[in-house]
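Participant: Sharing structure21.cif here; it has mmCIF, C-alpha atoms and all ligand atoms.
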```cif
data_data
loop_
_atom_site.group_PDB
_atom_site.id
_atom_site.type_symbol
_atom_site.label_atom_id
_atom_site.label_comp_id
_atom_site.auth_asym_id
_atom_site.auth_seq_id
_atom_site.Cartn_x
_atom_site.Cartn_y
_atom_site.Cartn_z
ATOM 1 C CA MET W 21 0.000 0.000 0.000
ATOM 2 C CA SER W 22 2.818 2.366 0.790
ATOM 3 C CA LEU W 23 4.133 1.897 -2.733
ATOM 4 C CA LEU W 24 0.744 2.745 -4.193
ATOM 5 C CA ARG W 25 0.570 5.734 -1.959
ATOM 6 C CA SER W 26 3.988 6.895 -2.995
ATOM 7 C CA LEU W 27 3.027 6.335 -6.618
ATOM 8 C CA ALA W 28 0.134 8.671 -6.065
ATOM 9 C CA ASP W 29 2.429 11.233 -4.418
ATOM 10 C CA ARG W 30 4.892 10.784 -7.180
ATOM 11 C CA ASP W 31 2.124 11.402 -9.649
ATOM 12 C CA ARG W 32 1.322 14.670 -8.038
ATOM 13 C CA VAL W 33 4.940 15.745 -8.167
ATOM 14 C CA PHE W 34 5.439 14.547 -11.695
ATOM 15 C CA ASP W 35 2.018 15.079 -13.159
ATOM 16 C CA PHE W 36 3.639 17.362 -15.696
ATOM 17 C CA LEU W 37 5.287 14.360 -17.323
ATOM 18 C CA VAL W 38 2.785 13.835 -20.074
ATOM 19 C CA PRO W 39 3.766 13.612 -23.713
ATOM 20 C CA ALA W 40 4.226 16.849 -25.612
ATOM 21 C CA THR W 41 1.124 17.703 -27.564
ATOM 22 C CA SER W 42 2.046 20.499 -29.916
ATOM 23 C CA PRO W 43 5.496 21.402 -31.191
ATOM 24 C CA VAL W 44 7.131 24.589 -30.045
ATOM 25 C CA ASP W 45 7.838 27.014 -32.844
ATOM 26 C CA VAL W 46 11.242 28.676 -32.550
ATOM 27 C CA ARG W 47 11.715 29.580 -36.205
ATOM 28 C CA HIS W 48 11.076 33.240 -35.548
ATOM 29 C CA GLY W 49 12.787 33.727 -32.232
ATOM 30 C CA PRO W 50 13.555 32.449 -28.754
ATOM 31 C CA ILE W 51 12.187 29.379 -27.016
ATOM 32 C CA LEU W 52 11.223 31.374 -23.936
ATOM 33 C CA TYR W 53 10.156 34.977 -23.868
ATOM 34 C CA LEU W 54 9.141 37.007 -20.822
ATOM 35 C CA GLU W 55 8.128 40.612 -21.314
ATOM 36 C CA ASP W 56 7.408 43.164 -18.626
ATOM 37 C CA VAL W 57 6.300 40.532 -16.114
ATOM 38 C CA THR W 58 5.231 41.715 -12.683
ATOM 39 C CA VAL W 59 3.866 39.791 -9.710
ATOM 40 C CA SER W 60 3.118 41.141 -6.261
ATOM 41 C CA PHE W 61 2.626 39.303 -2.997
ATOM 42 C CA ASP W 62 0.721 41.508 -0.557
ATOM 43 C CA GLY W 63 1.862 44.618 -2.384
ATOM 44 C CA PHE W 64 5.507 43.511 -2.551
ATOM 45 C CA LYS W 65 6.770 43.137 -6.099
ATOM 46 C CA ALA W 66 8.645 39.809 -6.098
ATOM 47 C CA ILE W 67 8.958 40.125 -9.886
ATOM 48 C CA ASN W 68 9.073 43.661 -11.213
ATOM 49 C CA ARG W 69 8.846 44.369 -14.940
ATOM 50 C CA LEU W 70 11.048 41.381 -15.751
ATOM 51 C CA ASN W 71 12.262 40.883 -19.325
ATOM 52 C CA LEU W 72 14.039 37.655 -20.220
ATOM 53 C CA THR W 73 14.753 35.805 -23.462
ATOM 54 C CA ILE W 74 16.161 32.272 -23.712
ATOM 55 C CA ASP W 75 17.336 30.960 -27.083
ATOM 56 C CA ASP W 76 16.654 27.434 -28.296
ATOM 57 C CA GLY W 77 19.358 25.083 -27.040
ATOM 58 C CA GLU W 78 20.858 27.694 -24.765
ATOM 59 C CA LEU W 79 22.280 27.036 -21.294
ATOM 60 C CA ARG W 80 21.497 30.084 -19.177
ATOM 61 C CA CYS W 81 22.519 30.655 -15.601
ATOM 62 C CA ILE W 82 20.383 32.864 -13.397
ATOM 63 C CA ILE W 83 22.062 34.214 -10.298
ATOM 64 C CA GLY W 84 21.067 36.797 -7.744
ATOM 65 C CA PRO W 85 20.844 37.254 -3.992
ATOM 66 C CA ASN W 86 18.242 35.522 -1.841
ATOM 67 C CA GLY W 87 14.788 36.910 -2.477
ATOM 68 C CA ALA W 88 15.725 38.243 -5.930
ATOM 69 C CA GLY W 89 12.749 36.410 -7.438
ATOM 70 C CA LYS W 90 14.533 33.473 -9.089
ATOM 71 C CA THR W 91 12.194 30.760 -7.850
ATOM 72 C CA THR W 92 9.155 32.971 -8.410
ATOM 73 C CA MET W 93 10.284 33.426 -12.009
ATOM 74 C CA MET W 94 10.290 29.621 -12.438
ATOM 75 C CA ASP W 95 6.869 29.454 -10.766
ATOM 76 C CA ILE W 96 5.562 31.898 -13.377
ATOM 77 C CA ILE W 97 7.064 30.030 -16.333
ATOM 78 C CA THR W 98 5.618 26.721 -15.146
ATOM 79 C CA GLY W 99 2.180 28.157 -14.415
ATOM 80 C CA LYS W 100 2.379 27.703 -10.652
ATOM 81 C CA THR W 101 2.131 31.445 -10.087
ATOM 82 C CA ARG W 102 0.079 33.771 -12.254
ATOM 83 C CA PRO W 103 1.681 37.191 -12.840
ATOM 84 C CA ASP W 104 -0.295 40.418 -12.440
ATOM 85 C CA SER W 105 0.839 41.665 -15.832
ATOM 86 C CA GLY W 106 3.233 40.935 -18.670
ATOM 87 C CA GLN W 107 3.662 38.247 -21.289
ATOM 88 C CA VAL W 108 5.206 34.787 -21.193
ATOM 89 C CA TRP W 109 5.611 32.836 -24.436
ATOM 90 C CA PHE W 110 7.058 29.412 -25.218
ATOM 91 C CA GLY W 111 8.243 29.720 -28.786
ATOM 92 C CA SER W 112 6.078 31.984 -30.888
ATOM 93 C CA ARG W 113 2.985 29.819 -30.627
ATOM 94 C CA HIS W 114 2.285 29.105 -26.979
ATOM 95 C CA ASP W 115 1.023 31.821 -24.656
ATOM 96 C CA LEU W 116 1.921 30.283 -21.289
ATOM 97 C CA LEU W 117 -0.298 32.715 -19.390
ATOM 98 C CA ALA W 118 -3.301 31.182 -21.117
ATOM 99 C CA MET W 119 -2.356 27.683 -19.924
ATOM 100 C CA ASN W 120 -2.408 25.785 -16.637
ATOM 101 C CA GLU W 121 0.444 23.835 -15.026
ATOM 102 C CA PRO W 122 -0.159 20.410 -16.630
ATOM 103 C CA GLU W 123 -0.703 22.000 -20.031
ATOM 104 C CA ILE W 124 2.560 23.901 -19.780
ATOM 105 C CA ALA W 125 4.378 20.760 -18.679
ATOM 106 C CA SER W 126 2.940 18.838 -21.589
ATOM 107 C CA LEU W 127 4.541 21.325 -23.976
ATOM 108 C CA GLY W 128 7.905 20.002 -22.815
ATOM 109 C CA ILE W 129 8.880 22.274 -19.945
ATOM 110 C CA GLY W 130 10.419 20.165 -17.184
ATOM 111 C CA ARG W 131 11.210 21.519 -13.759
ATOM 112 C CA LYS W 132 13.700 20.154 -11.281
ATOM 113 C CA PHE W 133 13.012 21.284 -7.749
ATOM 114 C CA GLN W 134 15.806 21.651 -5.236
ATOM 115 C CA LYS W 135 15.054 18.562 -3.163
ATOM 116 C CA PRO W 136 15.364 15.222 -4.959
ATOM 117 C CA THR W 137 12.211 13.114 -4.821
ATOM 118 C CA VAL W 138 13.122 9.678 -6.108
ATOM 119 C CA PHE W 139 11.577 6.373 -5.038
ATOM 120 C CA GLU W 140 14.145 4.983 -2.669
ATOM 121 C CA ALA W 141 12.783 1.429 -2.674
ATOM 122 C CA LEU W 142 12.690 1.170 -6.452
ATOM 123 C CA SER W 143 15.744 0.598 -8.601
ATOM 124 C CA VAL W 144 17.351 3.367 -10.616
ATOM 125 C CA PHE W 145 15.952 1.746 -13.743
ATOM 126 C CA GLU W 146 12.449 1.504 -12.275
ATOM 127 C CA ASN W 147 12.525 5.154 -11.283
ATOM 128 C CA LEU W 148 13.167 6.103 -14.905
ATOM 129 C CA GLU W 149 10.487 3.684 -16.054
ATOM 130 C CA LEU W 150 8.060 5.249 -13.627
ATOM 131 C CA ALA W 151 8.851 8.737 -14.883
ATOM 132 C CA MET W 152 7.846 7.596 -18.324
ATOM 133 C CA ALA W 153 4.607 6.252 -16.961
ATOM 134 C CA ALA W 154 3.754 9.177 -14.717
ATOM 135 C CA ASP W 155 0.684 9.767 -16.781
ATOM 136 C CA LYS W 156 -1.963 7.965 -14.727
ATOM 137 C CA ARG W 157 -3.513 6.508 -17.845
ATOM 138 C CA ILE W 158 -0.267 4.667 -18.654
ATOM 139 C CA LEU W 159 0.494 3.539 -15.116
ATOM 140 C CA PRO W 160 -0.965 0.024 -15.570
ATOM 141 C CA THR W 161 1.558 -0.609 -18.344
ATOM 142 C CA LEU W 162 4.257 -0.705 -15.687
ATOM 143 C CA THR W 163 3.360 -4.281 -15.093
ATOM 144 C CA ALA W 164 3.004 -5.057 -18.781
ATOM 145 C CA ARG W 165 5.926 -5.681 -21.099
ATOM 146 C CA MET W 166 7.855 -2.531 -21.778
ATOM 147 C CA SER W 167 8.173 -1.384 -25.308
ATOM 148 C CA GLY W 168 11.635 -1.562 -26.810
ATOM 149 C CA GLU W 169 11.510 2.142 -27.451
ATOM 150 C CA ILE W 170 11.058 2.964 -23.787
ATOM 151 C CA ARG W 171 13.799 0.517 -22.824
ATOM 152 C CA ASP W 172 16.152 2.187 -25.305
ATOM 153 C CA ARG W 173 15.285 5.598 -23.932
ATOM 154 C CA ILE W 174 15.978 4.415 -20.372
ATOM 155 C CA GLU W 175 19.373 3.040 -21.436
ATOM 156 C CA GLU W 176 20.206 6.302 -23.165
ATOM 157 C CA VAL W 177 19.236 8.365 -20.120
ATOM 158 C CA LEU W 178 21.170 6.020 -17.772
ATOM 159 C CA VAL W 179 24.319 6.786 -19.743
ATOM 160 C CA THR W 180 23.581 10.522 -19.862
ATOM 161 C CA ILE W 181 23.194 10.743 -16.084
ATOM 162 C CA GLY W 182 26.140 8.442 -15.410
ATOM 163 C CA LEU W 183 24.160 5.806 -13.526
ATOM 164 C CA ALA W 184 24.244 2.927 -16.021
ATOM 165 C CA GLU W 185 26.235 0.716 -13.680
ATOM 166 C CA LEU W 186 23.859 1.363 -10.811
ATOM 167 C CA ARG W 187 20.701 0.683 -12.784
ATOM 168 C CA ALA W 188 19.661 -2.340 -10.724
ATOM 169 C CA ARG W 189 20.417 -0.814 -7.332
ATOM 170 C CA PRO W 190 17.712 0.724 -5.185
ATOM 171 C CA ALA W 191 17.661 4.503 -5.491
ATOM 172 C CA GLY W 192 17.892 4.655 -1.701
ATOM 173 C CA ILE W 193 21.581 3.713 -1.768
ATOM 174 C CA LEU W 194 22.487 6.589 -4.092
ATOM 175 C CA SER W 195 24.423 9.571 -2.812
ATOM 176 C CA HIS W 196 22.679 12.937 -2.685
ATOM 177 C CA GLY W 197 24.324 13.952 -5.951
ATOM 178 C CA GLN W 198 23.379 10.714 -7.683
ATOM 179 C CA LYS W 199 19.772 11.186 -6.603
ATOM 180 C CA GLN W 200 19.807 14.643 -8.180
ATOM 181 C CA TRP W 201 21.093 13.139 -11.438
ATOM 182 C CA LEU W 202 18.447 10.446 -11.313
ATOM 183 C CA GLU W 203 15.778 13.077 -10.948
ATOM 184 C CA ILE W 204 17.174 15.001 -13.893
ATOM 185 C CA GLY W 205 17.075 11.688 -15.764
ATOM 186 C CA MET W 206 13.428 11.281 -14.848
ATOM 187 C CA LEU W 207 12.720 14.651 -16.424
ATOM 188 C CA LEU W 208 14.736 13.698 -19.501
ATOM 189 C CA MET W 209 12.603 10.615 -20.093
ATOM 190 C CA GLN W 210 9.974 12.877 -21.613
ATOM 191 C CA ARG W 211 12.478 14.643 -23.878
ATOM 192 C CA PRO W 212 11.658 18.146 -22.621
ATOM 193 C CA ARG W 213 12.471 21.150 -24.799
ATOM 194 C CA LEU W 214 13.221 23.341 -21.803
ATOM 195 C CA LEU W 215 14.588 22.271 -18.428
ATOM 196 C CA LEU W 216 14.378 24.554 -15.411
ATOM 197 C CA VAL W 217 16.778 23.551 -12.654
ATOM 198 C CA ASP W 218 16.690 25.244 -9.256
ATOM 199 C CA GLU W 219 19.946 25.107 -7.254
ATOM 200 C CA PRO W 220 21.144 21.709 -8.493
ATOM 201 C CA VAL W 221 24.451 21.542 -6.621
ATOM 202 C CA ALA W 222 23.330 22.521 -3.122
ATOM 203 C CA GLY W 223 24.777 19.895 -0.760
ATOM 204 C CA MET W 224 26.948 18.224 -3.406
ATOM 205 C CA THR W 225 30.596 17.287 -3.076
ATOM 206 C CA GLU W 226 33.149 18.975 -5.362
ATOM 207 C CA GLN W 227 33.319 15.824 -7.459
ATOM 208 C CA GLU W 228 29.554 15.650 -7.808
ATOM 209 C CA MET W 229 29.482 19.314 -8.769
ATOM 210 C CA ALA W 230 32.006 18.710 -11.525
ATOM 211 C CA ARG W 231 29.944 15.806 -12.835
ATOM 212 C CA THR W 232 26.759 17.912 -12.684
ATOM 213 C CA ALA W 233 28.512 20.631 -14.677
ATOM 214 C CA GLU W 234 29.311 18.050 -17.373
ATOM 215 C CA LEU W 235 25.760 16.742 -17.318
ATOM 216 C CA LEU W 236 24.103 20.151 -17.700
ATOM 217 C CA THR W 237 26.511 21.434 -20.347
ATOM 218 C CA GLY W 238 25.998 18.153 -22.214
ATOM 219 C CA LEU W 239 22.220 18.636 -22.198
ATOM 220 C CA ALA W 240 22.417 22.125 -23.668
ATOM 221 C CA GLY W 241 22.000 22.159 -27.409
ATOM 222 C CA LYS W 242 19.677 19.176 -27.287
ATOM 223 C CA GLN W 243 17.383 21.147 -25.015
ATOM 224 C CA SER W 244 17.388 24.579 -23.493
ATOM 225 C CA VAL W 245 18.473 24.633 -19.870
ATOM 226 C CA VAL W 246 17.904 27.388 -17.316
ATOM 227 C CA VAL W 247 19.917 26.905 -14.147
ATOM 228 C CA VAL W 248 19.331 28.932 -11.004
ATOM 229 C CA GLU W 249 22.346 28.581 -8.743
ATOM 230 C CA HIS W 250 24.006 30.243 -5.778
ATOM 231 C CA ASP W 251 27.387 28.589 -6.018
ATOM 232 C CA MET W 252 29.529 31.023 -7.990
ATOM 233 C CA GLY W 253 32.307 28.510 -8.619
ATOM 234 C CA PHE W 254 29.803 26.167 -10.179
ATOM 235 C CA VAL W 255 28.197 28.919 -12.268
ATOM 236 C CA ARG W 256 31.594 29.963 -13.505
ATOM 237 C CA SER W 257 32.316 26.376 -14.569
ATOM 238 C CA ILE W 258 29.221 26.074 -16.768
ATOM 239 C CA ALA W 259 28.283 29.633 -17.630
ATOM 240 C CA ARG W 260 27.919 31.026 -21.083
ATOM 241 C CA GLN W 261 25.320 33.743 -20.636
ATOM 242 C CA VAL W 262 24.538 34.802 -17.098
ATOM 243 C CA THR W 263 21.530 36.824 -15.976
ATOM 244 C CA VAL W 264 21.663 38.575 -12.619
ATOM 245 C CA LEU W 265 18.286 39.074 -10.983
ATOM 246 C CA HIS W 266 17.829 41.674 -8.302
ATOM 247 C CA GLN W 267 14.552 42.818 -6.737
ATOM 248 C CA GLY W 268 12.576 41.012 -9.385
ATOM 249 C CA SER W 269 14.248 42.476 -12.471
ATOM 250 C CA VAL W 270 17.338 41.925 -14.559
ATOM 251 C CA LEU W 271 20.252 43.849 -13.073
ATOM 252 C CA ALA W 272 22.905 42.652 -15.519
ATOM 253 C CA GLU W 273 23.371 40.135 -18.301
ATOM 254 C CA GLY W 274 26.468 38.884 -20.109
ATOM 255 C CA THR W 275 29.368 36.509 -19.679
ATOM 256 C CA MET W 276 30.384 35.545 -16.149
ATOM 257 C CA ASP W 277 33.372 37.897 -16.364
ATOM 258 C CA GLN W 278 31.196 40.757 -17.567
ATOM 259 C CA VAL W 279 28.609 40.439 -14.818
ATOM 260 C CA ALA W 280 31.157 39.680 -12.082
ATOM 261 C CA SER W 281 33.008 42.913 -12.852
ATOM 262 C CA ASP W 282 29.817 44.981 -13.046
ATOM 263 C CA PRO W 283 29.884 47.384 -10.065
ATOM 264 C CA ARG W 284 26.115 47.098 -9.590
ATOM 265 C CA VAL W 285 26.404 43.313 -9.327
ATOM 266 C CA VAL W 286 29.328 43.555 -6.929
ATOM 267 C CA GLU W 287 27.343 45.951 -4.769
ATOM 268 C CA VAL W 288 24.276 43.699 -4.662
ATOM 269 C CA TYR W 289 26.309 40.681 -3.619
ATOM 270 C CA LEU W 290 28.373 42.586 -1.069
ATOM 271 C CA GLY W 291 25.165 44.175 0.184
ATOM 272 C CA ALA W 292 23.674 40.732 0.700
ATOM 273 C CA GLU W 293 26.739 39.697 2.696
ATOM 274 C CA ASP W 294 26.526 42.836 4.826
ATOM 275 C CA GLU W 295 23.112 41.712 6.009
ATOM 276 C CA GLU W 296 24.631 38.672 7.713
ATOM 277 C CA PRO W 297 25.207 39.224 11.412
ATOM 278 C CA ALA W 298 28.865 40.013 12.105
HETATM 279 N N1 LIG C 1 3.923 32.756 -2.363
HETATM 280 C C1 LIG C 1 4.534 33.827 -1.859
HETATM 281 N N2 LIG C 1 3.893 34.659 -1.004
HETATM 282 C C2 LIG C 1 4.491 35.749 -0.500
HETATM 283 N N3 LIG C 1 5.743 36.123 -0.789
HETATM 284 C C3 LIG C 1 6.449 35.338 -1.631
HETATM 285 C C4 LIG C 1 5.890 34.151 -2.211
HETATM 286 N N4 LIG C 1 6.836 33.582 -3.009
HETATM 287 C C5 LIG C 1 7.917 34.377 -2.932
HETATM 288 N N5 LIG C 1 7.695 35.428 -2.110
HETATM 289 C C6 LIG C 1 8.633 36.515 -1.825
HETATM 290 O O1 LIG C 1 9.102 36.979 -3.077
HETATM 291 C C7 LIG C 1 10.490 37.272 -2.996
HETATM 292 C C8 LIG C 1 11.246 36.453 -4.014
HETATM 293 O O2 LIG C 1 11.307 35.111 -3.578
HETATM 294 P P1 LIG C 1 12.002 33.961 -4.407
HETATM 295 O O3 LIG C 1 11.469 33.965 -5.784
HETATM 296 O O4 LIG C 1 11.844 32.719 -3.634
HETATM 297 O O5 LIG C 1 13.523 34.430 -4.414
HETATM 298 P P2 LIG C 1 14.856 33.615 -4.773
HETATM 299 O O6 LIG C 1 14.471 32.285 -5.330
HETATM 300 O O7 LIG C 1 15.574 34.489 -5.733
HETATM 301 O O8 LIG C 1 15.606 33.508 -3.472
HETATM 302 C C9 LIG C 1 10.917 36.998 -1.578
HETATM 303 O O9 LIG C 1 10.888 38.217 -0.854
HETATM 304 C C10 LIG C 1 9.853 36.039 -1.074
HETATM 305 O O10 LIG C 1 9.692 36.171 0.310
HETATM 306 MG MG MG C 2 14.908 30.320 -4.742
#
```
The structure in this file should be written as structure tokens.
Ligand SMILES: Nc1ncnc2c1ncn2[C@@H]1O[C@H](COP(=O)(O)OP(=O)(O)O)[C@@H](O)[C@H]1O
Ligand SMILES: [Mg+2]

Facilitator:
Amino acid sequence: MSLLRSLADRDRVFDFLVPATSPVDVRHGPILYLEDVTVSFDGFKAINRLNLTIDDGELRCIIGPNGAGKTTMMDIITGKTRPDSGQVWFGSRHDLLAMNEPEIASLGIGRKFQKPTVFEALSVFENLELAMAADKRILPTLTARMSGEIRDRIEEVLVTIGLAELRARPAGILSHGQKQWLEIGMLLMQRPRLLLVDEPVAGMTEQEMARTAELLTGLAGKQSVVVVEHDMGFVRSIARQVTVLHQGSVLAEGTMDQVASDPRVVEVYLGAEDEEPA
């Protein structure tokens, strides 16, 4: 019963994993487009006239002090939070503000939350299989014979996330970093067009961080990846374009070197440190 229950929980967490319905059109521009987006919580503007453009296949890092609005931005893109004003488009065809969370997910926008939520009692392989079957209507097929196509996809993802040799082991024995990779793998099962990853390396060892950098840079190109991360060393190791959020808007954008030498960025980060008790 506990497995069934956890399947149900899992379904709630991963109910966005349904097959893409309509292709995203990027012929005329970016894969993700936010224009003049504002959202207030009790009068406080968590996102304030935010403009952001992500190109198809791009790996973008979003940095910014605590409370800058990074997670809220992901909530808006995924339909969890509705902005007060502005526009959010996925390709040129899909107005995300006219869609709900499952609909947005079904377009191929996958979101990795900070805390890994894998099934500890199931094997690595079974976790990937389950991600494929997260659609309730397909769940019964878990017990049926798996199609060769799904098996091939699982093998491919196992290699991508570096867990091929651990495929038969229960996910519970994985290290924290390996669980994070498995969860990224679960998202990849649906071949998302855009992956949103919130603070992937929190709590990882240096070695795991290096492997995560390889994983995320390897995904870019095949899909667009937006990474929110605090760890500057990690961002520097993967960054191409970096966007600095501050008070709900873009403070600076450019290469890591460009933004790191921007006096406004330096001030924001030093300011954040000043708030810590001495
Ligand atoms: N649901 C909410 N209700 C009220 N305030 C919120 C809510 N979500 C976020 N906030 C506030 O919005 C601001 C931005 O938060 P968040 O997006 O989590 O920042 P970040 O991820 O950059 O640290 C913070 O001041 C936070 O307290
Ligand atoms: Mg956050």

Participant: Would you mind listing what lies within 8 Å of region 167-171 of chain W as a ChimeraX atom specification, with all atoms listed in the file counted and same-chain residues fewer than 2 positions away left out?

Facilitator: /W:149,152,165,173-175

Participant: Hey, what comes out of the PyMOL selection byres (((chain W and resi 263) around 7) and not hetatm) on this file? Could you write it as an MDAnalysis selection string?

Facilitator: chainID W and resid 81:83 261:262 264:265 270 272:274

Participant: Once the PyMOL selection byres (((chain W and resi 202) around 9) and not hetatm) is applied to the coordinates I shared, what remains selected? I want it as JSON, numbers by chain.

Facilitator: {"W": [136, 138, 144, 147, 148, 178, 181, 182, 183, 191, 197, 198, 199, 200, 201, 203, 204, 205, 206, 207]}

Participant: Go ahead and dump the residues you just picked, C-alpha atoms, as an mmCIF file, in the coordinates of the input.

Facilitator:
```cif
data_model
loop_
_atom_site.group_PDB
_atom_site.id
_atom_site.type_symbol
_atom_site.label_atom_id
_atom_site.label_comp_id
_atom_site.auth_asym_id
_atom_site.auth_seq_id
_atom_site.Cartn_x
_atom_site.Cartn_y
_atom_site.Cartn_z
ATOM 1 C CA PRO W 136 15.364 15.222 -4.959
ATOM 2 C CA VAL W 138 13.122 9.678 -6.108
ATOM 3 C CA VAL W 144 17.351 3.367 -10.616
ATOM 4 C CA ASN W 147 12.525 5.154 -11.283
ATOM 5 C CA LEU W 148 13.167 6.103 -14.905
ATOM 6 C CA LEU W 178 21.170 6.020 -17.772
ATOM 7 C CA ILE W 181 23.194 10.743 -16.084
ATOM 8 C CA GLY W 182 26.140 8.442 -15.410
ATOM 9 C CA LEU W 183 24.160 5.806 -13.526
ATOM 10 C CA ALA W 191 17.661 4.503 -5.491
ATOM 11 C CA GLY W 197 24.324 13.952 -5.951
ATOM 12 C CA GLN W 198 23.379 10.714 -7.683
ATOM 13 C CA LYS W 199 19.772 11.186 -6.603
ATOM 14 C CA GLN W 200 19.807 14.643 -8.180
ATOM 15 C CA TRP W 201 21.093 13.139 -11.438
ATOM 16 C CA GLU W 203 15.778 13.077 -10.948
ATOM 17 C CA ILE W 204 17.174 15.001 -13.893
ATOM 18 C CA GLY W 205 17.075 11.688 -15.764
ATOM 19 C CA MET W 206 13.428 11.281 -14.848
ATOM 20 C CA LEU W 207 12.720 14.651 -16.424
#
```

Participant: Could you give me, as a ChimeraX atom specification, every polymer residue with an atom at most 12 Å away from an atom of ligand LIG 1 (chain C), counting only C-alpha atoms and all ligand atoms?

Facilitator: /W:58-68,82-96,100-103,133-134,217-219,247-250,264-270,292

Participant: Could you spell out the hits of the PyMOL selection byres (((chain W and resi 43-46) around 12) and not hetatm) on the shown file, as a PDB file with C-alpha atoms, keeping the file's coordinate frame?

Facilitator:
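Ended up saving to result_17.pdb:
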```
ATOM      1  CA  PRO W  39       3.766  13.612 -23.713  1.00  0.00           C
ATOM      2  CA  ALA W  40       4.226  16.849 -25.612  1.00  0.00           C
ATOM      3  CA  THR W  41       1.124  17.703 -27.564  1.00  0.00           C
ATOM      4  CA  SER W  42       2.046  20.499 -29.916  1.00  0.00           C
ATOM      5  CA  ARG W  47      11.715  29.580 -36.205  1.00  0.00           C
ATOM      6  CA  HIS W  48      11.076  33.240 -35.548  1.00  0.00           C
ATOM      7  CA  GLY W  49      12.787  33.727 -32.232  1.00  0.00           C
ATOM      8  CA  PRO W  50      13.555  32.449 -28.754  1.00  0.00           C
ATOM      9  CA  ILE W  51      12.187  29.379 -27.016  1.00  0.00           C
ATOM     10  CA  LEU W  52      11.223  31.374 -23.936  1.00  0.00           C
ATOM     11  CA  TYR W  53      10.156  34.977 -23.868  1.00  0.00           C
ATOM     12  CA  ILE W  74      16.161  32.272 -23.712  1.00  0.00           C
ATOM     13  CA  ASP W  75      17.336  30.960 -27.083  1.00  0.00           C
ATOM     14  CA  ASP W  76      16.654  27.434 -28.296  1.00  0.00           C
ATOM     15  CA  GLY W  77      19.358  25.083 -27.040  1.00  0.00           C
ATOM     16  CA  TRP W 109       5.611  32.836 -24.436  1.00  0.00           C
ATOM     17  CA  PHE W 110       7.058  29.412 -25.218  1.00  0.00           C
ATOM     18  CA  GLY W 111       8.243  29.720 -28.786  1.00  0.00           C
ATOM     19  CA  SER W 112       6.078  31.984 -30.888  1.00  0.00           C
ATOM     20  CA  ARG W 113       2.985  29.819 -30.627  1.00  0.00           C
ATOM     21  CA  HIS W 114       2.285  29.105 -26.979  1.00  0.00           C
ATOM     22  CA  ASP W 115       1.023  31.821 -24.656  1.00  0.00           C
ATOM     23  CA  LEU W 116       1.921  30.283 -21.289  1.00  0.00           C
ATOM     24  CA  ILE W 124       2.560  23.901 -19.780  1.00  0.00           C
ATOM     25  CA  SER W 126       2.940  18.838 -21.589  1.00  0.00           C
ATOM     26  CA  LEU W 127       4.541  21.325 -23.976  1.00  0.00           C
ATOM     27  CA  GLY W 128       7.905  20.002 -22.815  1.00  0.00           C
ATOM     28  CA  ILE W 129       8.880  22.274 -19.945  1.00  0.00           C
ATOM     29  CA  PRO W 212      11.658  18.146 -22.621  1.00  0.00           C
ATOM     30  CA  ARG W 213      12.471  21.150 -24.799  1.00  0.00           C
ATOM     31  CA  LEU W 214      13.221  23.341 -21.803  1.00  0.00           C
ATOM     32  CA  GLN W 243      17.383  21.147 -25.015  1.00  0.00           C
ATOM     33  CA  SER W 244      17.388  24.579 -23.493  1.00  0.00           C
TER      34      SER W 244
END
```

Participant: Find, counting all atoms listed in the file, the residue in W:Glu176, W:Pro220, W:Glu287, W:Gly241 that gets nearest to ligand MG 2 (chain C).

Facilitator: W:Pro220

Participant: What does the distance from CA of Ser143 (chain W) to CA of Glu121 (chain W) come to in Å, to one decimal?

Facilitator: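 Computing it gives 28.6 Å between the two atoms.
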
Participant: Report the distance between CA of Asp251 (chain W) and CA of Ala233 (chain W) in Å, rounded to one decimal place.

Facilitator: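 Computed distance, CA of Asp251 (chain W) to CA of Ala233 (chain W), equals 11.8 Å.
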
Participant: Could you tell me how far CA of Lys242 (chain W) sits from CA of Asn71 (chain W), in Å to one decimal place?

Facilitator: 24.3 Å

Participant: For ligand MG 2 (chain C), which of W:Leu194, W:Ala222, W:Arg187, W:Arg211 is the closest residue, counting all atoms listed in the file?

Facilitator: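 Looking at the shortest contact to ligand MG 2 (chain C), the residue is W:Ala222.
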
Participant: Name the closest residue to ligand MG 2 (chain C) among the candidates W:Lys135, W:Gln210, W:Gly253, W:Val57; distances are taken between atoms, counting only C-alpha atoms and all ligand atoms.

Facilitator: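 So, comparing all the options, the nearest one is W:Lys135.
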